[in-house]
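Below is final.tsv, which holds TSV, C-alpha atoms.
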```tsv
chain	number	residue	atom	x	y	z
A	1	MET	CA	-66.15	-84.25	138.58
A	2	ILE	CA	-65.27	-87.46	136.70
A	3	ASN	CA	-67.61	-90.38	137.39
A	4	LYS	CA	-65.96	-93.44	138.94
A	5	ARG	CA	-65.03	-96.19	136.49
A	6	ASN	CA	-63.96	-99.80	136.90
A	7	ILE	CA	-60.76	-100.43	134.93
A	8	PRO	CA	-59.12	-103.82	135.63
A	9	LEU	CA	-55.42	-104.45	135.16
A	10	CYS	CA	-56.09	-106.51	132.03
A	11	ILE	CA	-58.94	-107.77	129.85
A	12	ALA	CA	-58.24	-110.53	127.33
A	13	ASN	CA	-59.32	-109.68	123.79
A	14	ILE	CA	-61.55	-112.71	123.10
A	15	GLY	CA	-64.35	-112.40	120.56
A	16	GLU	CA	-66.79	-114.34	118.42
A	17	LYS	CA	-64.09	-115.66	116.08
A	18	GLU	CA	-62.31	-117.43	118.92
A	19	ILE	CA	-65.62	-118.87	120.16
A	20	LEU	CA	-66.53	-120.10	116.67
A	21	ALA	CA	-63.07	-121.61	116.16
A	22	VAL	CA	-63.31	-123.54	119.44
A	23	THR	CA	-66.78	-124.77	118.47
A	24	GLU	CA	-65.46	-126.06	115.16
A	25	VAL	CA	-62.66	-127.96	116.90
A	26	LEU	CA	-65.10	-129.45	119.39
A	27	GLN	CA	-67.31	-130.61	116.54
A	28	SER	CA	-64.37	-131.98	114.53
A	29	GLY	CA	-63.67	-134.74	117.02
A	30	TRP	CA	-59.92	-134.00	117.01
A	31	LEU	CA	-59.47	-132.17	120.33
A	32	ALA	CA	-55.80	-132.74	121.09
A	33	HIS	CA	-52.43	-132.97	119.34
A	34	GLY	CA	-53.91	-132.55	115.88
A	35	PRO	CA	-53.82	-130.22	112.86
A	36	LYS	CA	-54.63	-126.96	114.69
A	37	GLY	CA	-51.53	-127.29	116.82
A	38	LYS	CA	-49.33	-127.71	113.75
A	39	GLU	CA	-51.01	-124.77	112.03
A	40	PHE	CA	-50.51	-122.57	115.09
A	41	GLU	CA	-46.82	-123.48	115.20
A	42	GLN	CA	-46.31	-122.61	111.53
A	43	VAL	CA	-48.06	-119.23	111.84
A	44	PHE	CA	-45.97	-118.48	114.90
A	45	SER	CA	-42.70	-119.40	113.13
A	46	ASP	CA	-43.59	-117.16	110.19
A	47	PHE	CA	-44.31	-114.26	112.55
A	48	ILE	CA	-41.14	-114.57	114.65
A	49	GLY	CA	-38.92	-115.39	111.68
A	50	VAL	CA	-37.62	-118.79	112.84
A	51	LYS	CA	-37.57	-122.29	111.39
A	52	HIS	CA	-39.29	-124.09	114.27
A	53	SER	CA	-41.99	-123.28	116.82
A	54	ILE	CA	-43.10	-125.89	119.36
A	55	SER	CA	-46.40	-125.38	121.15
A	56	MET	CA	-46.65	-126.33	124.82
A	57	ASN	CA	-48.98	-126.08	127.78
A	58	SER	CA	-47.06	-123.14	129.33
A	59	CYS	CA	-44.05	-120.89	128.99
A	60	THR	CA	-42.66	-122.59	132.08
A	61	SER	CA	-42.63	-125.91	130.22
A	62	ALA	CA	-40.82	-124.24	127.32
A	63	LEU	CA	-38.22	-122.78	129.67
A	64	GLU	CA	-37.72	-126.12	131.40
A	65	LEU	CA	-37.09	-127.99	128.16
A	66	ALA	CA	-34.83	-125.21	126.84
A	67	VAL	CA	-32.73	-125.61	129.98
A	68	GLN	CA	-32.83	-129.41	130.15
A	69	THR	CA	-31.54	-129.78	126.58
A	70	LEU	CA	-28.39	-127.74	127.24
A	71	PRO	CA	-25.25	-129.82	126.48
A	72	LYS	CA	-24.03	-129.82	130.09
A	73	LYS	CA	-25.14	-128.87	133.60
A	74	GLY	CA	-24.00	-125.64	135.19
A	75	GLU	CA	-24.93	-122.05	135.99
A	76	ILE	CA	-27.41	-119.89	134.12
A	77	ILE	CA	-27.26	-116.10	134.44
A	78	LEU	CA	-30.57	-114.24	134.60
A	79	PRO	CA	-32.14	-111.16	136.19
A	80	SER	CA	-33.85	-111.46	139.56
A	81	PHE	CA	-36.38	-108.89	138.35
A	82	THR	CA	-38.69	-111.44	136.73
A	83	TRP	CA	-41.53	-113.83	137.44
A	84	VAL	CA	-40.32	-116.72	139.59
A	85	ALA	CA	-40.94	-119.26	136.77
A	86	SER	CA	-37.72	-118.10	135.07
A	87	ALA	CA	-35.61	-119.22	138.03
A	88	ASN	CA	-37.81	-122.21	138.90
A	89	SER	CA	-37.24	-123.69	135.44
A	90	ILE	CA	-33.50	-123.61	136.13
A	91	ILE	CA	-33.75	-125.19	139.58
A	92	THR	CA	-36.23	-127.90	138.57
A	93	SER	CA	-33.96	-128.86	135.67
A	94	GLY	CA	-30.96	-129.40	137.93
A	95	PHE	CA	-29.09	-126.19	137.08
A	96	LYS	CA	-28.03	-123.22	139.23
A	97	PRO	CA	-29.51	-119.73	138.76
A	98	VAL	CA	-27.10	-116.81	139.08
A	99	PHE	CA	-28.94	-113.53	139.52
A	100	VAL	CA	-27.53	-110.26	138.19
A	101	ASP	CA	-28.72	-106.67	138.30
A	102	ILE	CA	-30.81	-104.75	135.78
A	103	ASP	CA	-30.54	-101.42	133.98
A	104	TYR	CA	-32.57	-98.72	135.74
A	105	GLU	CA	-34.02	-97.16	132.59
A	106	THR	CA	-35.15	-100.33	130.78
A	107	ASN	CA	-35.70	-102.69	133.75
A	108	ASN	CA	-33.91	-105.33	131.65
A	109	ILE	CA	-30.77	-107.32	132.44
A	110	ASN	CA	-27.58	-105.25	132.51
A	111	PRO	CA	-25.06	-106.82	130.06
A	112	SER	CA	-22.07	-105.52	132.03
A	113	LYS	CA	-23.30	-107.43	135.06
A	114	ILE	CA	-23.53	-110.61	132.97
A	115	VAL	CA	-19.80	-110.43	132.24
A	116	GLU	CA	-18.99	-109.97	135.93
A	117	ALA	CA	-20.99	-113.09	136.83
A	118	ILE	CA	-19.48	-115.52	134.30
A	119	THR	CA	-17.49	-118.42	135.76
A	120	LYS	CA	-16.07	-121.67	134.41
A	121	ASP	CA	-19.45	-123.25	135.25
A	122	THR	CA	-21.62	-120.81	133.26
A	123	VAL	CA	-23.49	-122.52	130.43
A	124	ALA	CA	-26.23	-120.07	129.42
A	125	ILE	CA	-27.72	-116.59	129.68
A	126	MET	CA	-31.46	-116.15	130.19
A	127	PRO	CA	-32.38	-112.57	129.26
A	128	VAL	CA	-35.94	-111.71	130.31
A	129	HIS	CA	-37.60	-109.14	128.04
A	130	PHE	CA	-39.55	-107.08	130.56
A	131	ALA	CA	-43.12	-105.82	129.97
A	132	GLY	CA	-42.83	-105.70	126.17
A	133	LEU	CA	-39.35	-104.16	125.81
A	134	PRO	CA	-36.54	-106.30	124.35
A	135	CYS	CA	-33.16	-106.59	126.05
A	136	ASP	CA	-29.91	-105.21	124.56
A	137	MET	CA	-29.37	-108.24	122.35
A	138	ASP	CA	-26.23	-107.07	120.50
A	139	LYS	CA	-24.27	-106.97	123.75
A	140	ILE	CA	-25.80	-110.22	125.02
A	141	ILE	CA	-25.00	-112.03	121.76
A	142	GLU	CA	-21.42	-110.68	121.85
A	143	ILE	CA	-20.97	-112.03	125.40
A	144	ALA	CA	-22.55	-115.39	124.51
A	145	GLU	CA	-20.29	-115.86	121.50
A	146	LYS	CA	-17.16	-114.86	123.41
A	147	TYR	CA	-17.80	-117.31	126.25
A	148	ASP	CA	-19.60	-120.02	124.20
A	149	LEU	CA	-22.89	-119.66	126.07
A	150	THR	CA	-26.42	-120.53	124.96
A	151	ILE	CA	-29.06	-117.77	124.95
A	152	ILE	CA	-32.50	-118.74	126.31
A	153	GLU	CA	-34.88	-115.83	125.80
A	154	ASP	CA	-37.68	-115.53	128.32
A	155	SER	CA	-40.01	-113.64	126.00
A	156	ALA	CA	-43.19	-114.35	127.95
A	157	GLU	CA	-44.00	-110.63	128.07
A	158	THR	CA	-42.76	-109.47	124.67
A	159	LEU	CA	-44.50	-111.19	121.75
A	160	GLY	CA	-44.00	-108.84	118.81
A	161	GLY	CA	-41.31	-106.76	120.47
A	162	GLU	CA	-38.36	-105.98	118.22
A	163	TYR	CA	-34.67	-105.21	118.64
A	164	LYS	CA	-33.20	-103.54	115.55
A	165	GLY	CA	-35.92	-105.04	113.36
A	166	ALA	CA	-35.66	-108.63	114.66
A	167	LYS	CA	-38.34	-110.06	116.92
A	168	THR	CA	-37.71	-111.44	120.37
A	169	GLY	CA	-37.49	-115.19	120.31
A	170	SER	CA	-35.32	-115.14	117.16
A	171	PHE	CA	-31.95	-114.48	118.85
A	172	GLY	CA	-31.63	-117.75	120.76
A	173	VAL	CA	-34.09	-120.31	122.08
A	174	GLY	CA	-37.29	-118.28	122.60
A	175	CYS	CA	-39.95	-119.02	125.22
A	176	PHE	CA	-43.39	-117.38	125.10
A	177	SER	CA	-46.49	-117.31	127.31
A	178	PHE	CA	-50.17	-117.25	126.31
A	179	TYR	CA	-51.54	-116.49	129.78
A	180	PRO	CA	-54.59	-114.13	129.74
A	181	THR	CA	-52.50	-111.03	130.56
A	182	LYS	CA	-50.10	-111.54	127.65
A	183	ASN	CA	-50.08	-110.04	124.12
A	184	ILE	CA	-52.07	-113.02	122.89
A	185	THR	CA	-53.82	-115.63	125.00
A	186	CYS	CA	-55.08	-119.20	124.76
A	187	GLY	CA	-56.13	-119.13	128.41
A	188	GLU	CA	-52.95	-121.09	129.13
A	189	GLY	CA	-50.17	-122.15	126.82
A	190	GLY	CA	-46.66	-121.48	125.61
A	191	MET	CA	-44.33	-121.73	122.64
A	192	LEU	CA	-40.64	-122.49	122.15
A	193	THR	CA	-38.85	-121.10	119.08
A	194	THR	CA	-35.54	-122.15	117.57
A	195	ASN	CA	-33.59	-122.38	114.32
A	196	ASP	CA	-31.85	-125.58	115.46
A	197	GLU	CA	-33.50	-128.56	113.76
A	198	ALA	CA	-31.92	-131.19	116.02
A	199	LEU	CA	-33.01	-129.29	119.12
A	200	ALA	CA	-36.54	-128.91	117.75
A	201	LYS	CA	-36.83	-132.65	117.14
A	202	LYS	CA	-35.63	-133.46	120.64
A	203	ILE	CA	-37.94	-130.97	122.35
A	204	ASN	CA	-40.91	-132.14	120.25
A	205	ALA	CA	-40.26	-135.63	121.60
A	206	LEU	CA	-39.62	-134.54	125.19
A	207	LYS	CA	-42.88	-132.58	125.35
A	208	ALA	CA	-44.80	-135.74	124.32
A	209	HIS	CA	-43.61	-138.53	126.63
A	210	GLY	CA	-40.32	-138.90	124.72
A	211	ILE	CA	-42.05	-140.19	121.57
A	212	LYS	CA	-40.65	-138.71	118.38
A	213	THR	CA	-43.87	-138.70	116.33
A	214	SER	CA	-47.14	-137.04	117.29
A	215	THR	CA	-50.56	-138.70	117.17
A	216	TYR	CA	-51.39	-136.59	114.12
A	217	GLU	CA	-48.21	-137.63	112.32
A	218	ARG	CA	-48.68	-141.33	113.15
A	219	GLU	CA	-52.12	-141.34	111.54
A	220	LYS	CA	-50.35	-140.89	108.19
A	221	ILE	CA	-48.24	-144.05	108.45
A	222	ASN	CA	-49.11	-147.73	107.99
A	223	GLN	CA	-49.07	-148.71	111.67
A	224	PRO	CA	-50.12	-145.62	113.65
A	225	TRP	CA	-50.55	-147.63	116.86
A	226	LEU	CA	-46.80	-148.17	117.24
A	227	ARG	CA	-45.41	-145.80	119.89
A	228	ALA	CA	-41.98	-146.03	121.48
A	229	ALA	CA	-40.25	-143.54	123.79
A	230	THR	CA	-36.77	-142.44	122.83
A	231	TYR	CA	-36.41	-140.20	125.92
A	232	ALA	CA	-37.95	-140.04	129.38
A	233	GLY	CA	-40.29	-137.22	128.48
A	234	TYR	CA	-43.25	-135.24	129.77
A	235	ASN	CA	-46.80	-134.37	128.80
A	236	TYR	CA	-46.27	-130.68	127.98
A	237	ARG	CA	-48.47	-130.64	124.86
A	238	LEU	CA	-50.98	-127.95	123.91
A	239	CYS	CA	-54.42	-129.27	122.91
A	240	ASP	CA	-56.12	-128.23	119.67
A	241	ILE	CA	-58.88	-126.40	121.56
A	242	LEU	CA	-56.32	-123.93	122.91
A	243	ALA	CA	-54.23	-123.91	119.73
A	244	THR	CA	-57.19	-122.75	117.65
A	245	ILE	CA	-57.70	-119.82	120.05
A	246	GLY	CA	-54.03	-118.98	119.54
A	247	LEU	CA	-54.50	-119.06	115.77
A	248	GLU	CA	-57.32	-116.51	115.95
A	249	GLN	CA	-55.31	-114.38	118.35
A	250	MET	CA	-52.32	-114.35	115.97
A	251	LYS	CA	-54.53	-112.94	113.21
A	252	LYS	CA	-55.09	-109.80	115.25
A	253	LEU	CA	-51.81	-109.62	117.20
A	254	GLU	CA	-50.40	-106.73	115.15
A	255	THR	CA	-53.61	-104.74	115.63
A	256	MET	CA	-53.71	-105.48	119.35
A	257	ASN	CA	-50.05	-104.50	119.77
A	258	SER	CA	-50.66	-101.28	117.83
A	259	MET	CA	-53.47	-100.43	120.23
A	260	ARG	CA	-51.21	-101.09	123.22
A	261	ILE	CA	-48.56	-98.79	121.72
A	262	LYS	CA	-51.17	-96.11	121.00
A	263	HIS	CA	-52.47	-96.26	124.59
A	264	ALA	CA	-48.92	-96.09	125.97
A	265	GLN	CA	-48.15	-93.03	123.87
A	266	TYR	CA	-51.32	-91.36	125.15
A	267	LEU	CA	-50.30	-92.04	128.74
A	268	ASN	CA	-46.73	-90.89	128.07
A	269	ASN	CA	-48.02	-87.61	126.66
A	270	ASN	CA	-50.45	-86.92	129.48
A	271	LEU	CA	-48.93	-88.27	132.68
A	272	ASN	CA	-47.27	-84.97	133.44
A	273	TYR	CA	-46.45	-85.58	137.08
A	274	SER	CA	-42.98	-84.89	138.47
A	275	GLU	CA	-43.27	-87.74	140.99
A	276	ILE	CA	-43.30	-90.51	138.36
A	277	ILE	CA	-40.86	-91.87	135.79
A	278	LEU	CA	-42.42	-93.09	132.55
A	279	PRO	CA	-41.45	-96.22	130.54
A	280	PHE	CA	-38.26	-95.91	128.49
A	281	GLU	CA	-37.92	-97.07	124.87
A	282	PRO	CA	-34.39	-96.79	123.41
A	283	ASP	CA	-33.82	-96.02	119.73
A	284	GLY	CA	-33.98	-99.16	117.58
A	285	TYR	CA	-36.35	-100.98	119.94
A	286	LYS	CA	-40.05	-101.74	119.54
A	287	HIS	CA	-41.88	-101.84	122.88
A	288	VAL	CA	-45.21	-103.71	122.72
A	289	TYR	CA	-46.39	-102.82	126.24
A	290	GLN	CA	-47.58	-106.14	127.58
A	291	MET	CA	-47.49	-104.06	130.74
A	292	TYR	CA	-47.35	-100.30	131.22
A	293	THR	CA	-45.15	-99.58	134.23
A	294	ILE	CA	-44.15	-96.37	135.97
A	295	LYS	CA	-41.72	-95.71	138.83
A	296	LEU	CA	-42.56	-93.51	141.81
A	297	ASP	CA	-39.99	-91.24	143.40
A	298	GLU	CA	-39.17	-91.35	147.09
A	299	SER	CA	-41.74	-88.67	147.95
A	300	ILE	CA	-44.60	-91.15	147.35
A	301	ASP	CA	-45.71	-94.01	149.59
A	302	ARG	CA	-46.36	-96.75	147.01
A	303	THR	CA	-48.70	-98.80	149.21
A	304	VAL	CA	-50.92	-95.79	149.86
A	305	PHE	CA	-50.72	-94.84	146.17
A	306	LEU	CA	-51.85	-98.31	145.06
A	307	LYS	CA	-54.69	-98.44	147.56
A	308	ASN	CA	-55.96	-95.06	146.38
A	309	LEU	CA	-55.90	-96.15	142.74
A	310	ARG	CA	-57.72	-99.39	143.58
A	311	ASN	CA	-60.29	-97.50	145.62
A	312	ASP	CA	-60.87	-95.38	142.53
A	313	GLY	CA	-61.49	-98.52	140.45
A	314	VAL	CA	-58.09	-98.52	138.70
A	315	GLY	CA	-56.65	-102.04	138.90
A	316	ALA	CA	-53.01	-101.16	139.48
A	317	SER	CA	-50.49	-103.77	140.64
A	318	VAL	CA	-46.74	-104.37	141.04
A	319	HIS	CA	-44.34	-106.44	138.90
A	320	PHE	CA	-42.11	-107.63	140.53
A	321	ASP	CA	-41.93	-107.29	144.31
A	322	PRO	CA	-40.28	-109.15	145.87
A	323	PRO	CA	-37.75	-109.94	143.14
A	324	VAL	CA	-36.80	-113.60	142.95
A	325	HIS	CA	-33.58	-113.34	144.96
A	326	ALA	CA	-35.58	-111.93	147.90
A	327	GLN	CA	-38.24	-114.69	147.90
A	328	PRO	CA	-38.15	-117.34	150.65
A	329	TYR	CA	-36.82	-120.25	148.57
A	330	TYR	CA	-34.03	-118.17	147.00
A	331	ARG	CA	-33.24	-115.78	149.87
A	332	ASN	CA	-30.25	-117.77	151.14
A	333	THR	CA	-28.40	-117.20	147.86
A	334	ASN	CA	-27.19	-113.84	149.24
A	335	PHE	CA	-27.27	-111.80	146.03
A	336	HIS	CA	-26.93	-108.00	146.40
A	337	LEU	CA	-28.71	-106.30	143.52
A	338	GLN	CA	-29.00	-102.59	144.21
A	339	ILE	CA	-30.93	-101.50	141.10
A	340	THR	CA	-33.26	-104.51	141.23
A	341	ASP	CA	-34.14	-103.73	144.84
A	342	LYS	CA	-34.69	-100.05	144.04
A	343	VAL	CA	-36.95	-100.74	141.06
A	344	SER	CA	-38.96	-103.43	142.84
A	345	LYS	CA	-39.83	-100.97	145.62
A	346	SER	CA	-40.88	-98.13	143.32
A	347	ILE	CA	-42.49	-99.72	140.26
A	348	VAL	CA	-46.24	-99.72	139.60
A	349	THR	CA	-48.11	-101.55	136.82
A	350	LEU	CA	-51.09	-99.70	135.36
A	351	PRO	CA	-53.97	-101.18	133.33
A	352	MET	CA	-52.98	-101.98	129.75
A	353	TYR	CA	-55.01	-103.86	127.13
A	354	PRO	CA	-56.22	-103.17	123.57
A	355	SER	CA	-59.84	-102.34	124.42
A	356	LEU	CA	-59.01	-99.42	126.70
A	357	SER	CA	-60.84	-96.26	125.60
A	358	ASN	CA	-59.59	-92.68	125.74
A	359	GLU	CA	-62.14	-92.15	128.52
A	360	ASP	CA	-60.53	-95.01	130.44
A	361	LEU	CA	-57.08	-93.54	129.90
A	362	ASP	CA	-58.24	-90.08	130.99
A	363	TYR	CA	-59.71	-91.58	134.13
A	364	ILE	CA	-56.43	-93.41	134.88
A	365	ILE	CA	-54.52	-90.13	134.47
A	366	PHE	CA	-57.02	-88.28	136.68
A	367	SER	CA	-56.88	-90.97	139.37
A	368	ILE	CA	-53.08	-90.99	139.36
A	369	GLY	CA	-53.09	-87.27	140.01
A	370	ASN	CA	-55.41	-87.72	142.99
A	371	ALA	CA	-53.49	-90.72	144.31
A	372	LEU	CA	-50.19	-88.81	144.18
A	373	LYS	CA	-51.66	-85.98	146.25
A	374	MET	CA	-52.88	-88.42	148.90
A	375	SER	CA	-49.70	-90.52	148.98
A	376	LYS	CA	-47.03	-87.98	149.94
A	377	VAL	CA	-44.60	-89.26	152.53
```
Show me the file's structure as structure tokens.
Amino acid sequence: MINKRNIPLCIANIGEKEILAVTEVLQSGWLAHGPKGKEFEQVFSDFIGVKHSISMNSCTSALELAVQTLPKKGEIILPSFTWVASANSIITSGFKPVFVDIDYETNNINPSKIVEAITKDTVAIMPVHFAGLPCDMDKIIEIAEKYDLTIIEDSAETLGGEYKGAKTGSFGVGCFSFYPTKNITCGEGGMLTTNDEALAKKINALKAHGIKTSTYEREKINQPWLRAATYAGYNYRLCDILATIGLEQMKKLETMNSMRIKHAQYLNNNLNYSEIILPFEPDGYKHVYQMYTIKLDESIDRTVFLKNLRNDGVGASVHFDPPVHAQPYYRNTNFHLQITDKVSKSIVTLPMYPSLSNEDLDYIIFSIGNALKMSKV
């Protein structure tokens, strides 16, 4: 008999180095919009392999500014199988979301469905890299180039994920999240990545009330008190307290992602149950398992399955049900997405974080076996 354990869905990997770094910032007197933010951005650019990274207070803010700076208004194609922020950023920016179906194996946007959805009003594609697995970027880039569309990568869940050796966020305008469940965390926060210098300058201004120079930059000039807005901007900035946490997290990102991959491989090798479908990783992709998701076959009642896991202390959840096109605000858009609907009704998210032990993983596997037995339709 295995003793009951308590295994939450996620635990952020925060240690003494992050605590010390925050203390140093607090003692420095420069708490916001200072040198730590710039340092964080440079480290992030070097990691992704882009010229510019722009720190923000959330991934949603990054998505909004990526959309708002498109050359003209119109339709943006994206999957419905995503967190609602992807679509919200389109609506709140005055654009129209067009939802398309996903691929059953990868849970990512289906490129063939993108082509079917393109109209004269289409201005961009927003691929959402799901759970740590990049989208099929060769096909998406080919479509974007053919139809002169911008690519806005929602990479909130896939920091460090790679497609044919290139990291997500390097194929178009990348948008990342630092929420506590993500591959790194600042508590809250986001980052936008781009190789377009003009776009970077504009977004840097828009995130800071429309003023082109930051407080830190103005301190280096003769009259630092002069501030003038060039655009009607926002306050989407990331403070130095959070940026310094991000810096410490970046130092151990590769190690943390390696642990996620190791845990996923252990689960893949030991979840030998015919009622579930394991995560899929195509050749040439690097999956960094921000989430570890399985699909249940029709013989299992998912609600009963989840309740049994939770009763066992295994913090399982679901991402994403309902998909965006089925949520109250978007329901009248009348999209029919067969694979999205199928996946959203069968998917289960299991605990995944670097500090999981083999004993934790064994307990998850054991509990899944029990839950399957008690969840037969």
Atom CA of Lys38 of chain A to atom CA of Thr181 of chain A measures 23.9 Å
Please identify all polymer residues within 8 Å of Leu199 of chain A, counting all atoms listed in the file, omitting same-chain residues fewer than 4 positions from it, and present them as a PDB file with C-alpha atoms, in the coordinates of the input.
```pdb
ATOM      1  CA  THR A  69     -31.540-129.780 126.580  1.00  0.00           C
ATOM      2  CA  THR A 194     -35.540-122.150 117.570  1.00  0.00           C
ATOM      3  CA  ILE A 203     -37.940-130.970 122.350  1.00  0.00           C
TER       4      ILE A 203
END
```
Have a look at atom CA of Ile91 of chain A and atom CA of Gln338 of chain A and let me know their distance in Å, one decimal.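 Separation of atom CA of Ile91 of chain A and atom CA of Gln338 of chain A: 23.6 Å.
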Just give me the gap between atom CA of Gln68 of chain A and atom CA of Ser93 of chain A in Å, one decimal is fine.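 Interatomic distance here is 5.7 Å.
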Test item: which residues lie within 8 Å of (-38.0, -119.4, 118.0) counting only C-alpha atoms, as a PyMOL selection string: chain A and resi 45+48-53+169-175+192-195
